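The block underneath contains the structure these notes are about, expressed in structure tokens.
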Amino acid sequence: MPAWLSILLVMVIVGIALNPSSAEFSWFLRLRRPAWLTFERWIPLIWLAIYACFYGSALLTWRAGGGNGLMAGYLLLLVLVQSYTLVICKTRKLSSGTAIGLLGWLWGLVLAGAVQGGNHQAAQLLIPYLLWSPVGTLVTWQMQRINR
């Protein structure tokens, strides 16, 4: 199976496997958000762009000779990012999301550093996530305070 298809297939499988049920997600949607979060309707498109960057970064890394270790690093990042909402919905604790958001961002930094040596462009494709992740973590942290 070609690398481009393998990476895409893994991303889709992880995305499907780590999605909360409709009932679980409806609880999350009922939570109050910070007043400054006026762009929430754009968040799915932002994440779609970030996932496209993940895909491109992983593919470039693979083509540059990145081995299974780096691919495992991308998989771990994908699992952390995708499990954010699932863990919040399963535990009904926003603090879990804050922790996963921070952990994902830290792992993203590590991965970007590891990828940097093999392919500068692959590392640059992780920048949108590294910029957006703190925003999501901040939103979750503020949601904790207003949904007590």
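Note on naming: chains are A, B, ... as they come in the structure tokens, residues start from 1 per chain, ligands start from 1 in the order shown.
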
Item to check | Test item: residues at most 10 Å from stretch 54-61 of chain A, only C-alpha atoms, excluding those fewer than 6 positions along its chain, as a ChimeraX atom specification | outcome: /A:3-8,11,48,67,70-71,73-75,77-78,112,115-116,118-129

Selected residues, N, CA and C atoms, written as a JSON list (two decimals), in the first residue's frame, please.
```json
[["chain", "number", "residue", "atom", "x", "y", "z"],
["A", 3, "ALA", "N", 2.43, 4.94, 0.73],
["A", 3, "ALA", "CA", 2.50, 5.71, 1.98],
["A", 3, "ALA", "C", 1.37, 6.72, 2.08],
["A", 4, "TRP", "N", 1.06, 7.40, 1.00],
["A", 4, "TRP", "CA", 0.04, 8.44, 1.06],
["A", 4, "TRP", "C", -1.31, 7.87, 1.48],
["A", 5, "LEU", "N", -1.60, 6.66, 1.00],
["A", 5, "LEU", "CA", -2.87, 6.02, 1.34],
["A", 5, "LEU", "C", -2.84, 5.46, 2.76],
["A", 6, "SER", "N", -1.72, 4.90, 3.16],
["A", 6, "SER", "CA", -1.59, 4.37, 4.53],
["A", 6, "SER", "C", -1.79, 5.46, 5.57],
["A", 7, "ILE", "N", -1.13, 6.60, 5.36],
["A", 7, "ILE", "CA", -1.23, 7.72, 6.31],
["A", 7, "ILE", "C", -2.67, 8.22, 6.37],
["A", 8, "LEU", "N", -3.28, 8.39, 5.21],
["A", 8, "LEU", "CA", -4.66, 8.86, 5.16],
["A", 8, "LEU", "C", -5.61, 7.87, 5.84],
["A", 11, "MET", "N", -5.28, 8.06, 9.60],
["A", 11, "MET", "CA", -5.91, 9.28, 10.12],
["A", 11, "MET", "C", -7.43, 9.13, 10.19],
["A", 48, "LEU", "N", -9.92, 21.04, 10.13],
["A", 48, "LEU", "CA", -9.73, 20.36, 8.84],
["A", 48, "LEU", "C", -8.42, 20.80, 8.20],
["A", 67, "GLY", "N", 11.50, 7.26, 9.58],
["A", 67, "GLY", "CA", 11.16, 5.87, 9.82],
["A", 67, "GLY", "C", 9.92, 5.69, 10.67],
["A", 70, "LEU", "N", 9.29, 8.12, 13.78],
["A", 70, "LEU", "CA", 8.63, 9.41, 13.52],
["A", 70, "LEU", "C", 7.16, 9.22, 13.18],
["A", 71, "MET", "N", 6.83, 8.15, 12.46],
["A", 71, "MET", "CA", 5.43, 7.89, 12.14],
["A", 71, "MET", "C", 4.65, 7.58, 13.42],
["A", 73, "GLY", "N", 5.37, 8.91, 16.22],
["A", 73, "GLY", "CA", 5.23, 10.24, 16.81],
["A", 73, "GLY", "C", 4.03, 10.98, 16.25],
["A", 74, "TYR", "N", 3.83, 10.89, 14.94],
["A", 74, "TYR", "CA", 2.65, 11.50, 14.33],
["A", 74, "TYR", "C", 1.37, 10.82, 14.83],
["A", 75, "LEU", "N", 1.41, 9.51, 14.95],
["A", 75, "LEU", "CA", 0.24, 8.78, 15.44],
["A", 75, "LEU", "C", -0.10, 9.21, 16.86],
["A", 77, "LEU", "N", 0.56, 12.07, 18.28],
["A", 77, "LEU", "CA", -0.01, 13.42, 18.22],
["A", 77, "LEU", "C", -1.46, 13.38, 17.76],
["A", 78, "LEU", "N", -1.72, 12.59, 16.74],
["A", 78, "LEU", "CA", -3.09, 12.47, 16.24],
["A", 78, "LEU", "C", -4.03, 11.91, 17.31],
["A", 112, "ALA", "N", 7.86, 18.41, 16.12],
["A", 112, "ALA", "CA", 8.38, 19.40, 15.17],
["A", 112, "ALA", "C", 9.90, 19.48, 15.25],
["A", 115, "VAL", "N", 11.35, 16.35, 13.57],
["A", 115, "VAL", "CA", 11.15, 16.35, 12.11],
["A", 115, "VAL", "C", 12.04, 17.39, 11.44],
["A", 116, "GLN", "N", 12.31, 18.47, 12.14],
["A", 116, "GLN", "CA", 13.06, 19.61, 11.59],
["A", 116, "GLN", "C", 14.34, 19.19, 10.88],
["A", 118, "GLY", "N", 15.12, 16.39, 9.38],
["A", 118, "GLY", "CA", 14.93, 15.62, 8.16],
["A", 118, "GLY", "C", 14.22, 16.37, 7.05],
["A", 119, "ASN", "N", 13.31, 17.27, 7.42],
["A", 119, "ASN", "CA", 12.55, 18.00, 6.41],
["A", 119, "ASN", "C", 11.98, 19.27, 7.05],
["A", 120, "HIS", "N", 12.57, 20.38, 6.69],
["A", 120, "HIS", "CA", 12.16, 21.67, 7.24],
["A", 120, "HIS", "C", 10.69, 21.98, 6.93],
["A", 121, "GLN", "N", 10.26, 21.66, 5.71],
["A", 121, "GLN", "CA", 8.88, 21.94, 5.32],
["A", 121, "GLN", "C", 7.88, 21.11, 6.14],
["A", 122, "ALA", "N", 8.24, 19.88, 6.44],
["A", 122, "ALA", "CA", 7.37, 19.04, 7.27],
["A", 122, "ALA", "C", 7.20, 19.66, 8.66],
["A", 123, "ALA", "N", 8.28, 20.20, 9.20],
["A", 123, "ALA", "CA", 8.20, 20.85, 10.51],
["A", 123, "ALA", "C", 7.33, 22.10, 10.43],
["A", 124, "GLN", "N", 7.44, 22.86, 9.35],
["A", 124, "GLN", "CA", 6.63, 24.07, 9.19],
["A", 124, "GLN", "C", 5.14, 23.75, 9.12],
["A", 125, "LEU", "N", 4.81, 22.59, 8.57],
["A", 125, "LEU", "CA", 3.40, 22.21, 8.48],
["A", 125, "LEU", "C", 2.80, 21.88, 9.84],
["A", 126, "LEU", "N", 3.60, 21.75, 10.85],
["A", 126, "LEU", "CA", 3.09, 21.55, 12.21],
["A", 126, "LEU", "C", 2.82, 22.88, 12.92],
["A", 127, "ILE", "N", 3.28, 23.97, 12.36],
["A", 127, "ILE", "CA", 3.11, 25.29, 12.98],
["A", 127, "ILE", "C", 1.63, 25.67, 13.16],
["A", 128, "PRO", "N", 0.75, 25.45, 12.18],
["A", 128, "PRO", "CA", -0.67, 25.80, 12.43],
["A", 128, "PRO", "C", -1.23, 25.13, 13.69],
["A", 129, "TYR", "N", -0.89, 23.87, 13.90],
["A", 129, "TYR", "CA", -1.34, 23.19, 15.12],
["A", 129, "TYR", "C", -0.71, 23.83, 16.36]]
```

Checklist entry - Which neighbours of A:Leu31 fall inside 8 Å, counting only C-alpha atoms, when residues of the same chain fewer than 4 positions from it are skipped, and could you give them as an MDAnalysis selection string? => result chainID A and resid 27 143 147

Please list as a PDB file with N, CA and C atoms, in the first residue's frame every residue within 12 Å of A:Thr137, counting only C-alpha atoms and excluding residues in the same chain fewer than 5 positions away.
```
ATOM      1  N   VAL A  81      -4.662  14.650  19.938  1.00  0.00           N
ATOM      2  CA  VAL A  81      -5.559  15.701  19.422  1.00  0.00           C
ATOM      3  C   VAL A  81      -6.984  15.174  19.304  1.00  0.00           C
ATOM      4  N   TYR A  84      -9.079  14.551  22.669  1.00  0.00           N
ATOM      5  CA  TYR A  84      -9.447  15.721  23.476  1.00  0.00           C
ATOM      6  C   TYR A  84     -10.954  15.734  23.765  1.00  0.00           C
ATOM      7  N   THR A  85     -11.767  15.782  22.723  1.00  0.00           N
ATOM      8  CA  THR A  85     -13.221  15.870  22.902  1.00  0.00           C
ATOM      9  C   THR A  85     -13.781  14.577  23.475  1.00  0.00           C
ATOM     10  N   LEU A  94     -13.883  19.081  32.003  1.00  0.00           N
ATOM     11  CA  LEU A  94     -13.132  19.945  31.099  1.00  0.00           C
ATOM     12  C   LEU A  94     -11.648  19.979  31.456  1.00  0.00           C
ATOM     13  N   SER A  95     -11.340  19.724  32.720  1.00  0.00           N
ATOM     14  CA  SER A  95      -9.929  19.711  33.120  1.00  0.00           C
ATOM     15  C   SER A  95      -9.157  18.624  32.377  1.00  0.00           C
ATOM     16  N   SER A  96      -9.831  17.541  32.022  1.00  0.00           N
ATOM     17  CA  SER A  96      -9.184  16.486  31.231  1.00  0.00           C
ATOM     18  C   SER A  96      -8.780  17.027  29.868  1.00  0.00           C
ATOM     19  N   GLY A  97      -9.647  17.822  29.274  1.00  0.00           N
ATOM     20  CA  GLY A  97      -9.337  18.421  27.978  1.00  0.00           C
ATOM     21  C   GLY A  97      -8.196  19.416  28.058  1.00  0.00           C
ATOM     22  N   THR A  98      -8.170  20.195  29.124  1.00  0.00           N
ATOM     23  CA  THR A  98      -7.075  21.146  29.316  1.00  0.00           C
ATOM     24  C   THR A  98      -5.745  20.402  29.395  1.00  0.00           C
ATOM     25  N   ALA A  99      -5.730  19.306  30.144  1.00  0.00           N
ATOM     26  CA  ALA A  99      -4.498  18.518  30.288  1.00  0.00           C
ATOM     27  C   ALA A  99      -4.083  17.889  28.964  1.00  0.00           C
ATOM     28  N   ILE A 100      -5.039  17.316  28.244  1.00  0.00           N
ATOM     29  CA  ILE A 100      -4.714  16.698  26.951  1.00  0.00           C
ATOM     30  C   ILE A 100      -4.269  17.761  25.956  1.00  0.00           C
ATOM     31  N   GLY A 101      -4.910  18.921  25.982  1.00  0.00           N
ATOM     32  CA  GLY A 101      -4.505  20.013  25.092  1.00  0.00           C
ATOM     33  C   GLY A 101      -3.064  20.432  25.337  1.00  0.00           C
ATOM     34  N   LEU A 102      -2.709  20.572  26.591  1.00  0.00           N
ATOM     35  CA  LEU A 102      -1.330  20.947  26.930  1.00  0.00           C
ATOM     36  C   LEU A 102      -0.355  19.843  26.540  1.00  0.00           C
ATOM     37  N   LEU A 103      -0.699  18.606  26.842  1.00  0.00           N
ATOM     38  CA  LEU A 103       0.162  17.481  26.490  1.00  0.00           C
ATOM     39  C   LEU A 103       0.347  17.371  24.973  1.00  0.00           C
ATOM     40  N   GLY A 104      -0.728  17.558  24.228  1.00  0.00           N
ATOM     41  CA  GLY A 104      -0.646  17.518  22.768  1.00  0.00           C
ATOM     42  C   GLY A 104       0.253  18.608  22.218  1.00  0.00           C
ATOM     43  N   TRP A 105       0.133  19.804  22.774  1.00  0.00           N
ATOM     44  CA  TRP A 105       0.968  20.915  22.308  1.00  0.00           C
ATOM     45  C   TRP A 105       2.443  20.632  22.597  1.00  0.00           C
ATOM     46  N   LEU A 106       2.724  20.129  23.798  1.00  0.00           N
ATOM     47  CA  LEU A 106       4.111  19.796  24.139  1.00  0.00           C
ATOM     48  C   LEU A 106       4.645  18.701  23.218  1.00  0.00           C
ATOM     49  N   TYR A 129      -0.891  23.871  13.904  1.00  0.00           N
ATOM     50  CA  TYR A 129      -1.339  23.193  15.120  1.00  0.00           C
ATOM     51  C   TYR A 129      -0.714  23.833  16.356  1.00  0.00           C
ATOM     52  N   LEU A 130       0.566  24.109  16.295  1.00  0.00           N
ATOM     53  CA  LEU A 130       1.267  24.680  17.446  1.00  0.00           C
ATOM     54  C   LEU A 130       0.736  26.071  17.797  1.00  0.00           C
ATOM     55  N   LEU A 131       0.212  26.786  16.817  1.00  0.00           N
ATOM     56  CA  LEU A 131      -0.386  28.100  17.072  1.00  0.00           C
ATOM     57  C   LEU A 131      -1.825  27.970  17.565  1.00  0.00           C
ATOM     58  N   TRP A 132      -2.570  27.026  17.010  1.00  0.00           N
ATOM     59  CA  TRP A 132      -3.989  26.880  17.355  1.00  0.00           C
ATOM     60  C   TRP A 132      -4.208  26.148  18.672  1.00  0.00           C
ATOM     61  N   GLN A 142     -10.982  28.228  30.198  1.00  0.00           N
ATOM     62  CA  GLN A 142     -11.986  29.226  30.575  1.00  0.00           C
ATOM     63  C   GLN A 142     -13.366  28.601  30.718  1.00  0.00           C
ATOM     64  N   MET A 143     -13.650  27.593  29.894  1.00  0.00           N
ATOM     65  CA  MET A 143     -14.938  26.893  30.015  1.00  0.00           C
ATOM     66  C   MET A 143     -15.048  26.196  31.367  1.00  0.00           C
ATOM     67  N   GLN A 144     -13.943  25.725  31.899  1.00  0.00           N
ATOM     68  CA  GLN A 144     -13.950  25.115  33.232  1.00  0.00           C
ATOM     69  C   GLN A 144     -14.483  26.097  34.259  1.00  0.00           C
TER      70      GLN A 144
END
```

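For the pair atom CA of A:Gly69 and atom CA of A:Gly15, the interatomic distance is 20.8 Å.
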
Checklist entry - Quick one: DSSP helix (DSSP H, G or I) residues in stretch 3-148 of chain A, as JSON, numbers by chain? => result {"A": [3, 4, 5, 6, 7, 8, 9, 10, 11, 12, 13, 14, 15, 16, 17, 22, 23, 24, 25, 26, 27, 28, 29, 30, 40, 41, 42, 43, 44, 45, 46, 47, 48, 49, 50, 51, 52, 53, 54, 55, 56, 57, 58, 59, 60, 61, 62, 63, 68, 69, 70, 71, 72, 73, 74, 75, 76, 77, 78, 79, 80, 81, 82, 83, 84, 85, 86, 87, 88, 89, 90, 91, 94, 95, 96, 97, 98, 99, 100, 101, 102, 103, 104, 105, 106, 107, 108, 109, 110, 111, 112, 113, 114, 115, 116, 120, 121, 122, 123, 124, 127, 128, 129, 130, 131, 132, 133, 134, 135, 136, 137, 138, 139, 140, 141, 142, 143, 144, 145, 146]}
